[in-house]
Every structure is written in structure tokens, then in C-alpha cells.
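**Student:** Structure incoming, see below.
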Amino acid sequence: MNKLTLPLLAGLALSASSAFAANVNLNGNVGKYTMTTGNTYFIGDNVTGTLIAANGASISIRKQSGKNGKLIGVNGANGQTSHLRVGNNATANIQGITVQNADQFAIGCDGGLNCVITSSATISPDHGATENGINGGEGGRVSLCNSDAGDDVFQMVRPDSQYSNCNATLAGNGAGYQFGWGRSTLGAGCSATDCTMSGFTTPNTTQGNTGNNPGRAVVGGTFEGSTLPSGSITGLTINGNDYAHIVKLRALAGKQGNNITIRGTMSVRARNALSTHTAVALSTDSNANSKLDKTTIDFGTGSTGLKSNLVFTTGKVTNSNIVLAP
């Protein structure tokens with residue numbers, strides 16, 4: 001099982017340094033494999049390992065014809081937090097790939113800078129309770145991606161991480177568009193534009209509608225030890241997910257017990273919201289002095305379906321304002 005199988009061209013084994021290879025078939029166990037610029041990589045059946053788009057590379061990733069196109073990671077074995085990793089200033093165009101058993105993210109920039117991830121087909125990780133979909137990294141641009149995940153689908157936890165024309169489907173644990181988690185919090189200028197939320201893969205009429213859990217929302221975020229800079233969600237269309245919060249933000253107690261104050265503004269334009277949706281949930285840890293203060297969520301003109309009474313708050317929420325659609 002997991003035999004090492006490298007593709008052959010004219011009797012020669014190809015490697016990441018084979019500049020003459022335009023097309024590379026990946027099969028079996030590829031280990032930690034670096035993809036270089038100009039190449040198209042074709043994923044076969046149940047390929048194991050970590051694929052890394054080198055810094056500055058421009059690559060394409062496709063499913064081999066007649067194969068299942070699955071990249072299966074071995075948790076912790078390759079020292080990466082993503083099993084399809086995009087380097088600094090690298091561009092990856094991905095079509096028809098399934099990424100399973102990721103350490104943390106199925107696809108991500110892992111703290112890299114200015115990466116570009118585009119896709120015209122579904123990116124489908126498996127549904128582990130802590131497995132996230134895509135992390136665009138600092139300055140990252142993610143577009144045309146259709147992804148589902150067991151936890152957060154799209155994470156915007158680095159400055160200037162921007163998503164456009166993407167669709168998120170939840171398996172039920174996280175948020176579709178996650179603006180912060182613990183100490184990995186939203187940087188200034190993060191946004192999602194003209195994106196959609198297609199609901200849970202396993203419908204649950206109570207999922208995300210009660211309690212203090214920051215996940216299970218269309219737009220989520222928890223913050224520990226930092227503030228919430230401005231962020232925006234524009235042109236968000238919500239299909240299904242009938243009982244979830246639209247926005248759920250939570251202030252967490254710091255690991256050293258310090259008091260956390262969250263302040264910031266999020267602009268949201270949401271379409272197709274239902275009367276069963278909770279517009280905004282703001283909450284804080286009940287056993288700490290953390291609080292949300294001067295936090296504004298502005299839905300504004302262009303949002304549809306939100307009811308004025310659908311605002312839910314718990315804990316220390318002060319001087320905050322929820323502006324619903326007129």
C-alpha cells in the first residue's frame with residue numbers, strides 16, 4: 001500500500017526539477033513534492049503526500065482521465081498544514097480535485113504572501129471535524145472555488161485575504177466564511193465578494209441557531225487577544241442553511257486570562273435570507289471579562305429577507321450596533 005510510483009516520460013523518472021515536462025502524472029505516494037512553474041499536474045487514484053507550488057510558480061492541477069483525482073494526506077507526516085500548498089507569489093489553477101485527510105487545510109498558502117488560487121470545478125475535502133477547506137493567506141486571492149469542508153470552508157485570517165465568486169457548503173462544524181479563530185484573527189482588508197452559501201451537506205434544523213458556538217454560521221469569527229479590524233461581505237447569496245446565523249462573532253478569553261475587548265465594523269450585504277435565519281449573534285465567554293464593544297454589523301441596502309427582531313446576543317456586548325436592511 002502507498003507504493004512509491006513516479007511517472008515516466010521517455011523512460012526517465014520525472015521530478016519537480018524536470019523543466020522539460022509540460023505534463024506530469026502523479027500516482028502512488030509522492031511524499032513532499034514540489035511543483036514548478038509552467039507544468040500541469042494530473043492527480044491519479046488516491047495519491048498520498050503533500051503537493052507544494054514553489055514560490056513564484058504558476059501551475060495547473062487536474063484530475064487524470066479515468067482516475068478519481070484524490071490527494072490523500074497523512075496527518076502530520078509531511079510537516080505541512082495544507083496538503084496542497086501554494087507558495088509566495090504563486091498561482092495555482094485547480095480543477096476537479098478532492099483533498100482528503102488534511103492536517104489543517106485542504107488547500108492553503110500556510111502563511112505565505114500574495115498567492116492566487118483559482119478553480120472552475122469543485123474542490124472537495126473530506127469531512128473531518130477539524131478539517132478546513134481553503135486558506136488564502138496574506139494578500140491571497142481566491143476565486144471561482146466551490147468547496148465543502150467538515151470545519152471552516154474559507155478562512156480569512158490573514159491581512160488582505162480576498163475571496164470572490166466562491167461557493168461554500170458546510171458539513172456541519174464550522175463557518176462558511178471564517179473571519180477569525182483564536183489568535184489567528186482577521187487582518188485589515190479581508191473580504192468576500194459575490195460569494196454564495198449552499199447550506200449543510202447534512203441538514204439539521206437546529207444547527208447553528210442556538211448557543212455560544214462560533215461556528216455553524218454563514219459568516220463566523222472568534223477572537224482571542226486582539227481586535228476585529230474592518231471586513232466586508234458583499235453580494236453574499238444564501239441558499240438553504242435555513243436555521244443558521246448569518247453572522248456570528250465571539251470574544252474569547254485569552255490563554256493567560258487577560259481581558260479581551262473586540263471592536264470593529266463588518267459590512268454585510270446578504271441576499272435570500274429567510275425568516276428562520278438569525279441575522280447576527282454576538283457573544284462572549286461567560287467566565288471571563290472579555291467583551292464586544294463598539295462592534296457594528298451593517299447589512300444596509302441590498303440585503304433581503306432579514307427580520308428586525310432576529311438579533312441574538314449573550315455575554316458582555318456593549319455599545320454595539322446591528323444595522324439591518326431597510
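Chain labels follow the order of the C-alpha cells: the first chain is A, the next B, and so on; residue numbering restarts at 1 in every chain, and ligands are counted from 1 in their shown order.
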Would you pick out the contacts of Ser82 in chain A at 12 Å or less, using only C-alpha atoms, so that residues sharing its chain but fewer than 6 positions from it are not included, and give the list as a PyMOL selection string?
**Tutor:** chain A and resi 32+49-53+71-76+99-112+125+131-137
**Student:** Keeping only N, CA and C atoms, take the residues you just selected and write them out as a short mmCIF file (atom, residue, chain, number, x, y, z; two decimals), in the first residue's frame.
**Tutor:**
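Contents of the output file selection03.cif:
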```cif
data_model
loop_
_atom_site.label_atom_id
_atom_site.label_comp_id
_atom_site.auth_asym_id
_atom_site.auth_seq_id
_atom_site.Cartn_x
_atom_site.Cartn_y
_atom_site.Cartn_z
N LYS A 32 6.72 14.64 -0.12
CA LYS A 32 6.62 16.11 -0.17
C LYS A 32 7.11 16.53 -1.55
N GLY A 49 0.50 12.18 0.05
CA GLY A 49 1.62 13.10 0.18
C GLY A 49 1.15 14.54 0.22
N THR A 50 2.12 15.45 0.11
CA THR A 50 1.87 16.88 0.13
C THR A 50 2.41 17.50 -1.16
N LEU A 51 1.55 18.24 -1.86
CA LEU A 51 1.99 18.94 -3.06
C LEU A 51 2.23 20.40 -2.72
N ILE A 52 3.36 20.94 -3.20
CA ILE A 52 3.74 22.32 -2.88
C ILE A 52 4.02 23.06 -4.18
N ALA A 53 3.26 24.12 -4.45
CA ALA A 53 3.57 25.00 -5.57
C ALA A 53 4.70 25.92 -5.14
N LEU A 71 -6.17 13.50 -3.62
CA LEU A 71 -4.91 13.70 -2.92
C LEU A 71 -5.18 13.43 -1.44
N ILE A 72 -4.55 12.41 -0.89
CA ILE A 72 -4.84 11.98 0.47
C ILE A 72 -3.62 12.22 1.34
N GLY A 73 -3.76 13.05 2.33
CA GLY A 73 -2.65 13.37 3.20
C GLY A 73 -2.49 12.36 4.32
N VAL A 74 -1.30 12.34 4.92
CA VAL A 74 -1.03 11.55 6.10
C VAL A 74 -0.79 12.55 7.21
N ASN A 75 -1.71 12.66 8.14
CA ASN A 75 -1.68 13.75 9.12
C ASN A 75 -0.35 13.85 9.84
N GLY A 76 0.25 15.03 9.75
CA GLY A 76 1.49 15.30 10.47
C GLY A 76 2.75 14.75 9.83
N VAL A 99 -9.35 16.64 -1.93
CA VAL A 99 -8.25 16.58 -0.98
C VAL A 99 -8.79 16.02 0.33
N GLN A 100 -8.23 14.91 0.78
CA GLN A 100 -8.74 14.25 1.97
C GLN A 100 -7.68 14.15 3.05
N ASN A 101 -8.17 14.10 4.31
CA ASN A 101 -7.29 13.84 5.46
C ASN A 101 -6.21 14.89 5.61
N ALA A 102 -6.59 16.16 5.45
CA ALA A 102 -5.63 17.25 5.58
C ALA A 102 -5.25 17.47 7.04
N ASP A 103 -3.99 17.92 7.27
CA ASP A 103 -3.57 18.28 8.63
C ASP A 103 -4.48 19.36 9.19
N GLN A 104 -4.65 20.44 8.44
CA GLN A 104 -5.45 21.57 8.90
C GLN A 104 -6.26 22.16 7.76
N PHE A 105 -5.63 22.42 6.62
CA PHE A 105 -6.32 22.93 5.45
C PHE A 105 -6.15 21.97 4.29
N ALA A 106 -7.20 21.82 3.51
CA ALA A 106 -7.06 21.03 2.29
C ALA A 106 -6.14 21.75 1.31
N ILE A 107 -6.37 23.06 1.16
CA ILE A 107 -5.58 23.88 0.24
C ILE A 107 -5.27 25.19 0.95
N GLY A 108 -4.03 25.65 0.88
CA GLY A 108 -3.73 26.89 1.56
C GLY A 108 -2.38 27.47 1.25
N CYS A 109 -2.21 28.73 1.67
CA CYS A 109 -0.94 29.41 1.49
C CYS A 109 -0.04 29.29 2.72
N ASP A 110 -0.57 28.73 3.82
CA ASP A 110 0.24 28.45 5.00
C ASP A 110 1.07 29.64 5.45
N GLY A 111 0.45 30.80 5.51
CA GLY A 111 1.17 31.99 5.94
C GLY A 111 1.97 32.65 4.85
N GLY A 112 1.86 32.13 3.62
CA GLY A 112 2.57 32.73 2.50
C GLY A 112 1.97 34.06 2.08
N PRO A 125 -12.81 18.57 0.06
CA PRO A 125 -12.10 17.80 1.09
C PRO A 125 -13.05 16.79 1.74
N GLU A 131 -11.15 19.66 9.87
CA GLU A 131 -10.53 19.89 8.56
C GLU A 131 -11.17 21.08 7.85
N ASN A 132 -10.34 22.06 7.54
CA ASN A 132 -10.80 23.26 6.86
C ASN A 132 -10.59 23.13 5.35
N GLY A 133 -11.27 23.99 4.61
CA GLY A 133 -11.17 23.95 3.16
C GLY A 133 -9.99 24.71 2.62
N ILE A 134 -10.11 26.04 2.47
CA ILE A 134 -9.08 26.85 1.82
C ILE A 134 -8.70 28.03 2.70
N ASN A 135 -7.39 28.26 2.81
CA ASN A 135 -6.85 29.44 3.49
C ASN A 135 -6.03 30.22 2.48
N GLY A 136 -6.50 31.42 2.13
CA GLY A 136 -5.85 32.21 1.09
C GLY A 136 -4.57 32.88 1.50
N GLY A 137 -4.26 32.94 2.79
CA GLY A 137 -3.02 33.56 3.23
C GLY A 137 -3.03 35.08 3.11
#
```
**Student:** Counting only C-alpha atoms, figure out which residue out of A:Cys166, A:Ile233, A:Met35, A:Ala54 gets nearest to Cys115 in chain A.
**Tutor:**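 Of the candidates, the smallest distance to Cys115 in chain A is held by A:Ala54.
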**Student:** Set the distance at 8 Å and use only C-alpha atoms: which residues neighbour Lys316 in chain A once local chain neighbours fewer than 3 positions away are removed? I'd like the list as a ChimeraX atom specification.
**Tutor:** /A:283-284,289-292
**Student:** Could you please take those selected residues and save C-alpha atoms as an mmCIF file, in the first residue's frame?
**Tutor:**
```cif
data_model
loop_
_atom_site.group_PDB
_atom_site.id
_atom_site.type_symbol
_atom_site.label_atom_id
_atom_site.label_comp_id
_atom_site.auth_asym_id
_atom_site.auth_seq_id
_atom_site.Cartn_x
_atom_site.Cartn_y
_atom_site.Cartn_z
ATOM 1 C CA SER A 283 -21.357 36.612 22.317
ATOM 2 C CA THR A 284 -18.506 36.431 24.814
ATOM 3 C CA ASN A 289 -14.115 39.695 31.361
ATOM 4 C CA SER A 290 -13.896 39.655 27.591
ATOM 5 C CA LYS A 291 -16.466 41.740 25.748
ATOM 6 C CA LEU A 292 -17.575 43.063 22.413
#
```
**Student:** Skipping near chain neighbours, those fewer than 5 positions away, what residues fall within 7 Å of Asn39 in chain A using only C-alpha atoms, listed as a PDB file with N, CA and C atoms, in the first residue's frame?
**Tutor:**
```
ATOM      1  N   ALA A  21       9.263  18.972 -18.777  1.00  0.00           N
ATOM      2  CA  ALA A  21       7.984  18.263 -18.676  1.00  0.00           C
ATOM      3  C   ALA A  21       6.842  19.251 -18.575  1.00  0.00           C
ATOM      4  N   ALA A  22       5.965  19.273 -19.570  1.00  0.00           N
ATOM      5  CA  ALA A  22       4.789  20.138 -19.533  1.00  0.00           C
ATOM      6  C   ALA A  22       3.664  19.484 -18.758  1.00  0.00           C
ATOM      7  N   ASN A  23       3.548  18.143 -18.858  1.00  0.00           N
ATOM      8  CA  ASN A  23       2.505  17.404 -18.161  1.00  0.00           C
ATOM      9  C   ASN A  23       3.145  16.360 -17.253  1.00  0.00           C
ATOM     10  N   ILE A  59       1.162  27.140 -11.850  1.00  0.00           N
ATOM     11  CA  ILE A  59       0.937  25.730 -12.186  1.00  0.00           C
ATOM     12  C   ILE A  59      -0.560  25.459 -12.320  1.00  0.00           C
ATOM     13  N   SER A  60      -0.884  24.336 -12.957  1.00  0.00           N
ATOM     14  CA  SER A  60      -2.257  23.852 -13.057  1.00  0.00           C
ATOM     15  C   SER A  60      -2.323  22.453 -12.476  1.00  0.00           C
TER      16      SER A  60
END
```
**Student:** Quick one: of A:Ala217, A:Ala279, A:Cys190, A:Ile43, who's nearest to Gly174 in chain A, counting only C-alpha atoms?
**Tutor:**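 When distances to Gly174 in chain A are compared using only C-alpha atoms, the smallest one comes from A:Ala217.
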**Student:** Restricting the calculation to only C-alpha atoms: of A:Ser147, A:Thr313, A:Asn89, A:Ser320, which residue gets closest to Asp285 in chain A?
**Tutor:**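 Among A:Ser147, A:Thr313, A:Asn89, A:Ser320, it is A:Thr313 that comes nearest to Asp285 in chain A.
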**Student:** Which residues are close to Ser161 in chain A, i.e. within 10 Å by only C-alpha atoms, leaving aside same-chain residues fewer than 5 positions away? Reply as a ChimeraX atom specification.
**Tutor:** /A:113-115,135-142,155-156,179,186-192
